[in-house]
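Next comes coords38.cif, with mmCIF, C-alpha atoms and all ligand atoms.
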data_entry
loop_
_atom_site.group_PDB
_atom_site.id
_atom_site.type_symbol
_atom_site.label_atom_id
_atom_site.label_comp_id
_atom_site.auth_asym_id
_atom_site.auth_seq_id
_atom_site.Cartn_x
_atom_site.Cartn_y
_atom_site.Cartn_z
ATOM 1 C CA MET A 6 4.851 8.551 4.571
ATOM 2 C CA PRO A 7 2.575 10.582 6.820
ATOM 3 C CA ASN A 8 0.914 8.980 9.795
ATOM 4 C CA ALA A 9 -2.168 7.781 7.938
ATOM 5 C CA THR A 10 -4.043 6.777 11.076
ATOM 6 C CA ALA A 11 -3.680 10.184 12.650
ATOM 7 C CA THR A 12 -4.665 11.968 9.459
ATOM 8 C CA ALA A 13 -7.686 9.791 8.730
ATOM 9 C CA THR A 14 -9.128 9.914 12.226
ATOM 10 C CA ALA A 15 -8.193 13.454 13.266
ATOM 11 C CA PRO A 16 -11.173 15.564 14.384
ATOM 12 C CA VAL A 17 -12.577 17.663 11.584
ATOM 13 C CA PRO A 18 -12.881 21.425 12.221
ATOM 14 C CA GLY A 19 -16.504 22.436 12.615
ATOM 15 C CA VAL A 20 -17.682 18.861 13.053
ATOM 16 C CA PRO A 21 -18.297 17.307 16.495
ATOM 17 C CA PRO A 22 -15.821 14.472 17.099
ATOM 18 C CA ALA A 23 -17.143 11.058 16.136
ATOM 19 C CA THR A 24 -16.266 9.364 19.373
ATOM 20 C CA ALA A 25 -19.507 7.411 19.717
ATOM 21 C CA GLY A 26 -19.145 7.786 23.466
ATOM 22 C CA ALA A 27 -21.142 6.462 26.397
ATOM 23 C CA CYS A 28 -24.423 8.017 25.226
ATOM 24 C CA ALA A 29 -24.036 6.996 21.589
ATOM 25 C CA ALA A 30 -26.336 4.482 19.941
ATOM 26 C CA PHE A 31 -23.356 2.728 18.346
ATOM 27 C CA THR A 32 -19.622 2.179 18.609
ATOM 28 C CA LEU A 33 -16.965 2.633 15.944
ATOM 29 C CA ARG A 34 -14.223 0.236 14.870
ATOM 30 C CA THR A 35 -11.466 1.420 12.521
ATOM 31 C CA LEU A 36 -11.366 -0.534 9.256
ATOM 32 C CA SER A 37 -7.996 0.518 7.832
ATOM 33 C CA PRO A 38 -5.204 2.988 8.629
ATOM 34 C CA ALA A 39 -6.226 5.179 5.680
ATOM 35 C CA LEU A 40 -9.994 5.463 6.066
ATOM 36 C CA GLY A 41 -13.156 3.651 7.030
ATOM 37 C CA ALA A 42 -14.909 2.715 10.252
ATOM 38 C CA GLU A 43 -17.435 0.045 11.104
ATOM 39 C CA VAL A 44 -20.561 1.166 12.922
ATOM 40 C CA VAL A 45 -21.388 -1.516 15.467
ATOM 41 C CA GLY A 46 -24.717 -1.883 17.234
ATOM 42 C CA LEU A 47 -27.067 0.031 14.942
ATOM 43 C CA ASP A 48 -30.098 -1.451 13.157
ATOM 44 C CA LEU A 49 -30.733 0.753 10.116
ATOM 45 C CA SER A 50 -34.223 -0.682 9.592
ATOM 46 C CA ARG A 51 -35.419 1.158 12.703
ATOM 47 C CA PRO A 52 -36.079 4.924 12.865
ATOM 48 C CA LEU A 53 -32.968 6.843 13.925
ATOM 49 C CA GLU A 54 -33.029 9.506 16.644
ATOM 50 C CA PRO A 55 -31.793 12.961 15.547
ATOM 51 C CA ALA A 56 -28.846 12.639 17.977
ATOM 52 C CA THR A 57 -27.862 9.330 16.388
ATOM 53 C CA VAL A 58 -28.088 10.845 12.907
ATOM 54 C CA ALA A 59 -25.825 13.708 14.036
ATOM 55 C CA GLU A 60 -23.276 11.239 15.438
ATOM 56 C CA LEU A 61 -23.389 9.164 12.272
ATOM 57 C CA ARG A 62 -22.877 12.252 10.143
ATOM 58 C CA ALA A 63 -19.860 13.283 12.209
ATOM 59 C CA ALA A 64 -18.401 9.777 11.964
ATOM 60 C CA TRP A 65 -18.964 9.724 8.203
ATOM 61 C CA LEU A 66 -17.192 13.082 7.718
ATOM 62 C CA GLN A 67 -14.295 11.933 9.873
ATOM 63 C CA HIS A 68 -13.811 8.403 8.515
ATOM 64 C CA LEU A 69 -15.184 8.999 4.962
ATOM 65 C CA VAL A 70 -16.437 5.393 4.692
ATOM 66 C CA LEU A 71 -18.826 3.789 7.201
ATOM 67 C CA ARG A 72 -19.708 0.093 7.166
ATOM 68 C CA PHE A 73 -22.815 -1.380 8.812
ATOM 69 C CA ARG A 74 -22.942 -5.195 8.906
ATOM 70 C CA GLY A 75 -25.858 -7.600 9.285
ATOM 71 C CA GLN A 76 -28.558 -5.255 7.994
ATOM 72 C CA ALA A 77 -31.881 -6.384 6.478
ATOM 73 C CA LEU A 78 -33.507 -3.481 4.660
ATOM 74 C CA THR A 79 -36.513 -3.060 2.426
ATOM 75 C CA ASP A 80 -36.167 -0.492 -0.347
ATOM 76 C CA PRO A 81 -38.247 2.092 1.598
ATOM 77 C CA GLN A 82 -35.986 1.549 4.648
ATOM 78 C CA LEU A 83 -32.868 2.061 2.523
ATOM 79 C CA LEU A 84 -34.403 5.261 1.148
ATOM 80 C CA ALA A 85 -35.394 6.460 4.630
ATOM 81 C CA VAL A 86 -31.914 6.004 6.081
ATOM 82 C CA SER A 87 -30.317 7.626 3.012
ATOM 83 C CA ARG A 88 -32.597 10.670 3.347
ATOM 84 C CA HIS A 89 -31.142 11.376 6.778
ATOM 85 C CA LEU A 90 -28.101 12.769 4.950
ATOM 86 C CA GLY A 91 -29.993 14.960 2.502
ATOM 87 C CA GLU A 92 -32.037 15.046 -0.664
ATOM 88 C CA LEU A 93 -31.635 11.984 -2.869
ATOM 89 C CA ASP A 94 -29.943 12.268 -6.235
ATOM 90 C CA PRO A 95 -31.514 10.010 -8.871
ATOM 91 C CA PRO A 96 -29.157 7.645 -10.706
ATOM 92 C CA GLY A 97 -27.459 8.926 -13.837
ATOM 93 C CA PRO A 98 -28.727 7.671 -17.190
ATOM 94 C CA ASN A 99 -28.022 3.953 -17.490
ATOM 95 C CA PRO A 100 -27.096 2.416 -20.847
ATOM 96 C CA TYR A 101 -30.505 0.732 -21.221
ATOM 97 C CA GLY A 102 -32.771 3.765 -20.928
ATOM 98 C CA ALA A 103 -35.136 2.720 -18.106
ATOM 99 C CA PRO A 104 -34.813 2.567 -14.312
ATOM 100 C CA PHE A 105 -33.775 -0.840 -12.960
ATOM 101 C CA ASN A 106 -36.075 -0.401 -9.965
ATOM 102 C CA PRO A 107 -39.274 1.176 -11.397
ATOM 103 C CA ALA A 108 -41.076 1.131 -8.015
ATOM 104 C CA HIS A 109 -38.221 3.159 -6.500
ATOM 105 C CA PRO A 110 -36.365 4.914 -9.344
ATOM 106 C CA GLU A 111 -34.153 6.750 -6.812
ATOM 107 C CA ILE A 112 -32.501 3.377 -6.179
ATOM 108 C CA ASN A 113 -29.831 2.256 -8.592
ATOM 109 C CA VAL A 114 -29.310 -1.490 -8.984
ATOM 110 C CA ILE A 115 -25.728 -2.703 -9.286
ATOM 111 C CA SER A 116 -25.877 -6.285 -10.541
ATOM 112 C CA ASN A 117 -24.661 -8.789 -13.109
ATOM 113 C CA LEU A 118 -28.045 -10.578 -13.204
ATOM 114 C CA ARG A 119 -30.055 -10.748 -16.401
ATOM 115 C CA GLU A 120 -33.551 -11.765 -17.384
ATOM 116 C CA GLY A 121 -33.068 -13.151 -20.872
ATOM 117 C CA ASP A 122 -31.212 -10.424 -22.775
ATOM 118 C CA ARG A 123 -32.232 -7.704 -20.325
ATOM 119 C CA PRO A 124 -29.718 -6.675 -17.640
ATOM 120 C CA LEU A 125 -31.308 -6.259 -14.207
ATOM 121 C CA GLY A 126 -28.613 -3.831 -13.035
ATOM 122 C CA ASN A 127 -25.546 -1.784 -13.894
ATOM 123 C CA LEU A 128 -21.867 -2.641 -14.209
ATOM 124 C CA GLY A 129 -22.090 -6.371 -15.073
ATOM 125 C CA ASP A 130 -19.364 -8.652 -13.672
ATOM 126 C CA GLY A 131 -16.224 -6.900 -14.897
ATOM 127 C CA GLU A 132 -13.809 -4.623 -13.144
ATOM 128 C CA ALA A 133 -15.011 -1.096 -12.395
ATOM 129 C CA VAL A 134 -12.096 1.327 -12.515
ATOM 130 C CA TRP A 135 -11.221 3.925 -9.845
ATOM 131 C CA HIS A 136 -13.666 6.826 -9.938
ATOM 132 C CA GLN A 137 -15.869 9.241 -8.044
ATOM 133 C CA ASP A 138 -19.585 9.088 -8.798
ATOM 134 C CA MET A 139 -21.044 11.572 -11.266
ATOM 135 C CA THR A 140 -18.378 14.257 -11.084
ATOM 136 C CA TYR A 141 -19.350 14.951 -14.686
ATOM 137 C CA ILE A 142 -22.219 17.102 -13.332
ATOM 138 C CA ASP A 143 -21.760 20.555 -11.775
ATOM 139 C CA HIS A 144 -22.906 19.433 -8.307
ATOM 140 C CA PRO A 145 -21.614 15.876 -7.811
ATOM 141 C CA PRO A 146 -23.358 13.736 -5.186
ATOM 142 C CA MET A 147 -22.074 14.168 -1.629
ATOM 143 C CA ALA A 148 -22.594 10.581 -0.582
ATOM 144 C CA SER A 149 -23.480 7.161 -1.837
ATOM 145 C CA MET A 150 -24.886 4.200 0.053
ATOM 146 C CA LEU A 151 -24.545 0.623 -1.176
ATOM 147 C CA TYR A 152 -26.488 -2.300 0.303
ATOM 148 C CA ALA A 153 -25.397 -5.874 -0.467
ATOM 149 C CA ILE A 154 -28.331 -8.219 -1.125
ATOM 150 C CA GLU A 155 -26.510 -11.022 -2.980
ATOM 151 C CA VAL A 156 -22.716 -11.398 -3.141
ATOM 152 C CA PRO A 157 -20.477 -13.879 -4.980
ATOM 153 C CA PRO A 158 -18.458 -16.374 -2.915
ATOM 154 C CA SER A 159 -15.285 -14.573 -3.997
ATOM 155 C CA GLY A 160 -14.345 -11.552 -6.107
ATOM 156 C CA GLY A 161 -16.279 -8.315 -6.560
ATOM 157 C CA ASP A 162 -14.446 -6.620 -3.686
ATOM 158 C CA THR A 163 -14.757 -2.831 -3.577
ATOM 159 C CA TYR A 164 -11.933 -0.450 -2.632
ATOM 160 C CA TRP A 165 -12.064 3.133 -1.429
ATOM 161 C CA ALA A 166 -9.133 5.571 -1.429
ATOM 162 C CA ASN A 167 -8.766 8.676 0.750
ATOM 163 C CA LEU A 168 -8.193 11.758 -1.423
ATOM 164 C CA HIS A 169 -7.501 14.035 1.571
ATOM 165 C CA LEU A 170 -4.604 11.771 2.425
ATOM 166 C CA ALA A 171 -3.439 11.592 -1.195
ATOM 167 C CA LEU A 172 -3.333 15.385 -1.345
ATOM 168 C CA GLU A 173 -1.650 15.802 2.047
ATOM 169 C CA SER A 174 1.119 13.359 1.123
ATOM 170 C CA MET A 175 1.597 14.617 -2.427
ATOM 171 C CA PRO A 176 5.115 15.751 -3.326
ATOM 172 C CA ALA A 177 5.215 19.568 -3.190
ATOM 173 C CA GLY A 178 6.353 19.815 -6.803
ATOM 174 C CA LEU A 179 3.415 17.774 -8.036
ATOM 175 C CA ARG A 180 0.980 19.831 -5.978
ATOM 176 C CA ARG A 181 2.375 23.095 -7.388
ATOM 177 C CA ARG A 182 1.700 21.842 -10.924
ATOM 178 C CA ILE A 183 -2.031 21.395 -10.220
ATOM 179 C CA GLU A 184 -2.707 24.361 -7.924
ATOM 180 C CA GLY A 185 -5.240 26.695 -9.535
ATOM 181 C CA ARG A 186 -5.942 24.249 -12.349
ATOM 182 C CA SER A 187 -9.219 22.602 -13.333
ATOM 183 C CA ALA A 188 -10.046 19.454 -15.248
ATOM 184 C CA VAL A 189 -12.754 18.160 -17.548
ATOM 185 C CA HIS A 190 -14.831 15.297 -16.083
ATOM 186 C CA ASP A 191 -16.043 13.265 -19.031
ATOM 187 C CA SER A 192 -19.638 12.019 -18.964
ATOM 188 C CA THR A 193 -19.376 9.571 -21.853
ATOM 189 C CA TYR A 194 -18.577 6.273 -20.095
ATOM 190 C CA ASN A 195 -19.526 4.655 -16.818
ATOM 191 C CA SER A 196 -16.928 3.041 -14.545
ATOM 192 C CA ALA A 197 -17.371 -0.327 -16.283
ATOM 193 C CA GLY A 198 -16.405 1.303 -19.589
ATOM 194 C CA ILE A 199 -19.944 1.183 -20.999
ATOM 195 C CA MET A 200 -21.061 4.210 -23.001
ATOM 196 C CA ARG A 201 -23.953 6.081 -21.394
ATOM 197 C CA ARG A 202 -27.155 6.375 -23.372
ATOM 198 C CA GLY A 203 -27.210 9.212 -25.879
ATOM 199 C CA MET A 204 -23.414 9.708 -25.789
ATOM 200 C CA LYS A 205 -20.909 9.626 -28.669
ATOM 201 C CA ASP A 206 -17.385 8.256 -28.572
ATOM 202 C CA VAL A 207 -14.745 10.809 -27.576
ATOM 203 C CA THR A 208 -11.559 10.826 -29.635
ATOM 204 C CA ASP A 209 -10.052 14.015 -28.141
ATOM 205 C CA PRO A 210 -10.386 14.504 -24.339
ATOM 206 C CA ARG A 211 -10.234 18.283 -24.875
ATOM 207 C CA GLU A 212 -13.692 17.989 -26.454
ATOM 208 C CA ALA A 213 -15.196 15.625 -23.873
ATOM 209 C CA PRO A 214 -18.643 16.597 -22.551
ATOM 210 C CA GLY A 215 -18.967 17.039 -18.793
ATOM 211 C CA ALA A 216 -18.416 19.423 -15.887
ATOM 212 C CA ARG A 217 -15.203 21.315 -15.164
ATOM 213 C CA HIS A 218 -13.957 21.186 -11.556
ATOM 214 C CA PRO A 219 -10.825 22.431 -9.774
ATOM 215 C CA LEU A 220 -8.301 19.671 -9.093
ATOM 216 C CA ILE A 221 -7.964 20.806 -5.470
ATOM 217 C CA VAL A 222 -11.277 21.682 -3.838
ATOM 218 C CA VAL A 223 -12.528 22.630 -0.413
ATOM 219 C CA HIS A 224 -14.736 19.985 1.136
ATOM 220 C CA PRO A 225 -18.132 21.735 1.467
ATOM 221 C CA ASP A 226 -18.877 20.268 4.914
ATOM 222 C CA THR A 227 -15.503 20.272 6.652
ATOM 223 C CA GLY A 228 -13.409 22.916 4.907
ATOM 224 C CA ARG A 229 -10.590 20.386 4.426
ATOM 225 C CA GLU A 230 -8.784 20.471 1.095
ATOM 226 C CA THR A 231 -9.173 17.410 -1.077
ATOM 227 C CA LEU A 232 -7.977 16.207 -4.438
ATOM 228 C CA LEU A 233 -10.819 15.779 -6.959
ATOM 229 C CA LEU A 234 -10.063 13.360 -9.784
ATOM 230 C CA GLY A 235 -13.378 11.937 -11.063
ATOM 231 C CA ARG A 236 -12.183 9.300 -13.497
ATOM 232 C CA ARG A 237 -9.120 8.923 -15.673
ATOM 233 C CA ARG A 238 -10.729 8.137 -19.031
ATOM 234 C CA ASN A 239 -10.999 11.235 -21.229
ATOM 235 C CA GLY A 240 -9.774 13.483 -18.416
ATOM 236 C CA TYR A 241 -8.131 16.735 -19.480
ATOM 237 C CA ILE A 242 -6.465 19.505 -17.476
ATOM 238 C CA LEU A 243 -7.539 22.849 -18.910
ATOM 239 C CA GLY A 244 -4.852 25.120 -20.294
ATOM 240 C CA LEU A 245 -2.286 22.379 -20.942
ATOM 241 C CA SER A 246 -1.359 20.711 -24.198
ATOM 242 C CA LEU A 247 -2.960 17.302 -24.517
ATOM 243 C CA ALA A 248 0.421 15.599 -24.020
ATOM 244 C CA GLU A 249 1.180 17.646 -20.872
ATOM 245 C CA SER A 250 -2.277 16.945 -19.506
ATOM 246 C CA GLU A 251 -1.992 13.211 -20.129
ATOM 247 C CA ALA A 252 1.394 13.025 -18.405
ATOM 248 C CA LEU A 253 0.249 15.043 -15.395
ATOM 249 C CA LEU A 254 -2.998 13.070 -15.023
ATOM 250 C CA ASP A 255 -1.035 9.818 -15.176
ATOM 251 C CA GLU A 256 1.202 11.073 -12.357
ATOM 252 C CA LEU A 257 -1.750 12.184 -10.245
ATOM 253 C CA TRP A 258 -3.626 8.925 -10.670
ATOM 254 C CA ALA A 259 -0.533 6.822 -9.956
ATOM 255 C CA HIS A 260 -0.061 8.784 -6.735
ATOM 256 C CA ALA A 261 -3.706 8.710 -5.575
ATOM 257 C CA CYS A 262 -4.279 5.002 -6.214
ATOM 258 C CA GLN A 263 -1.465 3.725 -4.007
ATOM 259 C CA PRO A 264 -2.558 0.955 -1.630
ATOM 260 C CA GLN A 265 -1.653 2.886 1.521
ATOM 261 C CA PHE A 266 -4.507 5.321 0.831
ATOM 262 C CA ALA A 267 -7.105 2.563 0.395
ATOM 263 C CA PHE A 268 -9.487 0.246 2.225
ATOM 264 C CA ARG A 269 -10.625 -3.080 0.750
ATOM 265 C CA GLN A 270 -14.174 -4.275 1.361
ATOM 266 C CA GLU A 271 -14.907 -7.993 1.102
ATOM 267 C CA TRP A 272 -18.687 -8.025 0.963
ATOM 268 C CA LYS A 273 -21.090 -10.055 3.085
ATOM 269 C CA VAL A 274 -24.834 -10.152 2.553
ATOM 270 C CA GLY A 275 -26.368 -7.433 4.718
ATOM 271 C CA ASP A 276 -23.419 -5.032 4.472
ATOM 272 C CA VAL A 277 -24.267 -1.375 3.968
ATOM 273 C CA ILE A 278 -21.504 1.058 3.070
ATOM 274 C CA LEU A 279 -21.926 4.814 3.178
ATOM 275 C CA TRP A 280 -19.147 6.882 1.663
ATOM 276 C CA ASP A 281 -18.170 10.485 1.063
ATOM 277 C CA ASN A 282 -18.047 10.943 -2.694
ATOM 278 C CA ARG A 283 -16.185 14.262 -2.568
ATOM 279 C CA SER A 284 -13.045 12.976 -0.909
ATOM 280 C CA THR A 285 -12.803 9.315 -1.895
ATOM 281 C CA LEU A 286 -12.263 7.252 -5.014
ATOM 282 C CA HIS A 287 -13.706 3.752 -5.359
ATOM 283 C CA ARG A 288 -13.250 0.779 -7.651
ATOM 284 C CA ARG A 289 -14.441 -2.818 -7.901
ATOM 285 C CA ASP A 290 -12.805 -6.134 -8.744
ATOM 286 C CA SER A 291 -14.305 -8.401 -11.383
ATOM 287 C CA PHE A 292 -15.990 -11.629 -10.316
ATOM 288 C CA ASP A 293 -17.188 -14.940 -11.775
ATOM 289 C CA ALA A 294 -19.929 -14.278 -14.327
ATOM 290 C CA ALA A 295 -21.770 -17.414 -13.200
ATOM 291 C CA SER A 296 -22.196 -16.132 -9.638
ATOM 292 C CA ARG A 297 -24.861 -13.712 -8.464
ATOM 293 C CA ARG A 298 -24.175 -10.206 -7.183
ATOM 294 C CA ARG A 299 -26.967 -7.709 -6.472
ATOM 295 C CA MET A 300 -26.758 -4.444 -4.609
ATOM 296 C CA HIS A 301 -29.093 -1.502 -4.172
ATOM 297 C CA ARG A 302 -27.562 1.939 -4.154
ATOM 298 C CA THR A 303 -28.693 5.437 -3.294
ATOM 299 C CA GLN A 304 -26.891 8.734 -3.561
ATOM 300 C CA ILE A 305 -27.387 12.113 -1.959
ATOM 301 C CA LYS A 306 -27.217 15.456 -3.743
ATOM 302 C CA GLY A 307 -24.119 17.558 -3.271
ATOM 303 C CA ALA A 308 -23.130 21.183 -3.596
ATOM 304 C CA ALA A 309 -20.824 23.037 -5.986
ATOM 305 C CA LEU A 310 -17.162 22.388 -5.271
ATOM 306 C CA ARG A 311 -15.062 25.495 -4.592
ATOM 307 C CA PRO A 312 -11.390 25.664 -5.458
ATOM 308 C CA ALA A 313 -8.888 25.717 -2.615
ATOM 309 C CA ALA A 314 -7.439 29.155 -1.968
HETATM 310 FE FE FE B 401 -19.341 4.314 -8.462
#
Once you've parsed the file, please lay out its structure as structure tokens.
Ligand SMILES: [Fe+2]
Amino acid sequence: MPNATATATAPVPGVPPATAGACAAFTLRTLSPALGAEVVGLDLSRPLEPATVAELRAAWLQHLVLRFRGQALTDPQLLAVSRHLGELDPPGPNPYGAPFNPAHPEINVISNLREGDRPLGNLGDGEAVWHQDMTYIDHPPMASMLYAIEVPPSGGDTYWANLHLALESMPAGLRRRIEGRSAVHDSTYNSAGIMRRGMKDVTDPREAPGARHPLIVVHPDTGRETLLLGRRRNGYILGLSLAESEALLDELWAHACQPQFAFRQEWKVGDVILWDNRSTLHRRDSFDAASRRRMHRTQIKGAALRPAA
């Protein structure tokens, strides 16, 4: 195995090192050998200085996942801090046809709570499978931010996996089989397996609706190569027979989802996690349906993803 710590924390070309030094408004604490850092000493409810935003951005590009604990944010404060990274990307169509947060439709609600028959958020209480957010559009979001308002006493943990690391440690033979190839990113189902509004069931992944992206892309902000997988369901690698595509996708997913590439987040109320959606996968454990889990989420618009040379 490669030295995951060195790879995950190595300075990124073109990006100032995220050292959070003597003049920084915060310090950083590594969360796992593969990826993730905790930002200590920053209150996100207060306006951030441009220098602090620049340091946070550098830390985010270096560590891919940033955690801020003990936060207490109103929706406008969550929106304000999210906008420091760029223009917000509204949530994709949810299965119920109306925003969960009408006062702030840019905020997606991730929750199992219901009012009568009406869900108050997305994803319910079940497992959410490994995925990247909204890669079924041509310009997938660059970042997502998730703020924990209510969490169950156990379960509902979220995991992130480092796709730079997965690519860098990929067997050469496997990499050769995907170089220059692109895949279909199906838009039919969300990560909880619920069909999106207006979609039809897909019986042949070759006919799935959704964007086409290269399997190896250049990270738009850092120039680092990364694997881009989206989600497994209804994936299809263009130019292969369906059987070849299925076998190759199974190999890629088995490789990328190994525990040594991942960080596990056990949520506390007040946690905020900001992640890079271009170079990480995430998934969520199920939890007890009788417990309450409520999170507010924003995402930031991204750019087109270029193939690696
Ligand atoms: Fe997601």
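Candidate residues A:Ala188, A:Leu286, A:Cys262, A:Val277 were compared for distance to ligand FE 401 (chain B), and the nearest is A:Leu286, using all atoms listed in the file.
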State, in Å with one decimal place, the distance from atom CA of A:Gly121 to atom CA of A:His109.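 Going from atom CA of A:Gly121 over to atom CA of A:His109, I get 22.3 Å.
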Which one is closest to ligand FE 401 (chain B): A:Pro146, A:Pro312, A:Pro210, A:Gly244? Count all atoms listed in the file.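 Using all atoms listed in the file, ligand FE 401 (chain B) sits closest to A:Pro146.
Minimum atom-to-atom distances from A:Gly185, A:Pro96, A:Pro214, A:Gly46 to A:Thr32 were compared using only C-alpha atoms, and the lowest value belongs to A:Gly46.
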What do you get, as a list in words, if you spell out every residue that the PyMOL selection byres (((chain A and resi 261) around 9) and not hetatm) selects here?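 Output of the PyMOL selection byres (((chain A and resi 261) around 9) and not hetatm): Ala166, Asn167, Leu168, Leu170, Ala171, Leu172, Met175, Leu232, Leu234, Glu256, Leu257, Trp258, Ala259, His260, Cys262, Gln263, Pro264, Phe266 and Leu286 of chain A.
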